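Peer 1: I am attaching a structure below and will ask some questions about it afterwards.
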Amino acid sequence: MKIYTKKGDNGQTTLIGGTKVPKCDLRIESYGSVDELNSQLGLIDSRLCHRFSQKKVLRQIQNCLFVIGSHLATDKQVSSMKLPEITYNDVQLLEDEIDRMTEKLPEIKSFILPGGTISSSLCHVSRCVCRRTERIVVALSLKNEVAPLFVIYLNRLSDYLFVLGRYCNYVKGVKDIPWKPGID
């Protein structure tokens with residue numbers, strides 16, 4: 001089977017359900033951004049030691065993002081396809097992991113700059129991609145039906161990625177970089 005179909009050469013693509021839309025459609029932008037975020041998480045995972053406690057969690061997150069992306073790629077007006085779901089338990093997992101990592105981290109006394117280890121920096125880049133994804137999905141929700149849980153999940157995921165970035169530094173013995181305005 002060939003990977004290319006040439007069906008999108010005219011700037012159109014097809015949603016699950018058969019609806020054709022321009023490739024610049026907000027729905028395409030939303031699930032494309034979810035896909036980009038998922039790829040960023042794969043990059044984080046590839047940088048972490050195989051014994052790192054968050055590798056299994058990252059895989060669960062990637063699976064949840066695939067579920068969200070599949071829903072965003074579906075025209076529910078015409079498709080009756082049964083898709084997997086995410087639940088509040090998926091959000092709870094993120095909150096539990098945030099709490100677990102935060103217990104080990106020093107208290108934040110100022111804003112911190114992204115950086116430190118490569119893994120931490122990748123987490124911060126992913127956090128920014130997550131925030132952009134959240135904004136796009138919120139914009140889509142103003143025009144189309146989007147499960148409110150998707151926005152909640154993305155919001156919590158950006159918090160998780162912030163804490164994971166700090167945790168990656170902590171595990172390597174690298175301190176947070178405090179923001180010091182006006183420093184040359």
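Chain identifiers are assigned as A, B, and so on, following the order in which chains appear in the structure tokens; residues are numbered from 1 within each chain, and ligands are numbered from 1 in order of appearance.
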Per DSSP on the backbone, filter chain A down to the residues in alpha helix (DSSP H) and report them as a PyMOL selection string.
Peer 2: chain A and resi 26-47+55-72+88-104+118-141+148-171
Peer 1: Set the distance at 8 Å and use only C-alpha atoms: which residues neighbour Tyr153 (chain A) once local chain neighbours fewer than 4 positions away are removed? I'd like the list as JSON, numbers by chain.
Peer 2: {"A": [90, 91, 149, 157]}
Peer 1: Just to be explicit: take each residue in the selection above, keep N, CA and C atoms, and write the result as an mmCIF file, in the first residue's frame.
Peer 2:
```
data_model
loop_
_atom_site.group_PDB
_atom_site.id
_atom_site.type_symbol
_atom_site.label_atom_id
_atom_site.label_comp_id
_atom_site.auth_asym_id
_atom_site.auth_seq_id
_atom_site.Cartn_x
_atom_site.Cartn_y
_atom_site.Cartn_z
ATOM 1 N N ASP A 90 -8.174 10.198 33.405
ATOM 2 C CA ASP A 90 -6.969 10.605 32.673
ATOM 3 C C ASP A 90 -6.465 11.954 33.176
ATOM 4 N N VAL A 91 -7.379 12.857 33.477
ATOM 5 C CA VAL A 91 -7.009 14.147 34.065
ATOM 6 C C VAL A 91 -6.445 13.910 35.470
ATOM 7 N N LEU A 149 -13.961 18.183 28.216
ATOM 8 C CA LEU A 149 -12.875 17.446 28.864
ATOM 9 C C LEU A 149 -11.564 17.568 28.084
ATOM 10 N N LEU A 157 -2.423 19.166 31.173
ATOM 11 C CA LEU A 157 -1.194 18.643 30.568
ATOM 12 C C LEU A 157 -0.109 19.717 30.520
#
```
Peer 1: Excluding Glu103 (chain A) and its own-chain neighbours fewer than 6 positions away, which residues fall within 12 Å of it when counting only C-alpha atoms? Please give them as a compact mmCIF listing (two decimals) with N, CA and C atoms, in the first residue's frame.
Peer 2:
```txt
# COMPACT_ATOMS: atom_id res chain seq x y z
N ASP A 96 -2.28 13.65 39.77
CA ASP A 96 -1.55 12.81 40.72
C ASP A 96 -0.05 12.87 40.46
N GLU A 97 0.33 12.84 39.20
CA GLU A 97 1.76 12.89 38.85
C GLU A 97 2.34 14.27 39.16
N VAL A 163 5.85 21.06 35.39
CA VAL A 163 6.41 20.36 36.55
C VAL A 163 7.41 19.29 36.09
N ARG A 166 10.73 20.88 35.48
CA ARG A 166 11.44 21.12 36.74
C ARG A 166 11.98 19.80 37.31
N TYR A 167 11.17 18.75 37.21
CA TYR A 167 11.56 17.45 37.76
C TYR A 167 12.76 16.87 37.00
N TYR A 170 15.68 18.52 38.44
CA TYR A 170 15.88 18.05 39.80
C TYR A 170 16.59 16.69 39.82
```
Peer 1: Could you name the residues that touch Val125 (chain A) at 10 Å or less, counting only C-alpha atoms, but leaving out those on the same chain fewer than 6 positions away, as a PyMOL selection string?
Peer 2: chain A and resi 37+40-41+44+114-115+119+131+161-162+165
Peer 1: Using only C-alpha atoms, pick whichever of A:Asn38, A:Gln60, A:Asn144, A:Thr14 has the shortest atom-to-atom distance to Leu94 (chain A).
Peer 2: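 When distances to Leu94 (chain A) are compared using only C-alpha atoms, the smallest one comes from A:Gln60.
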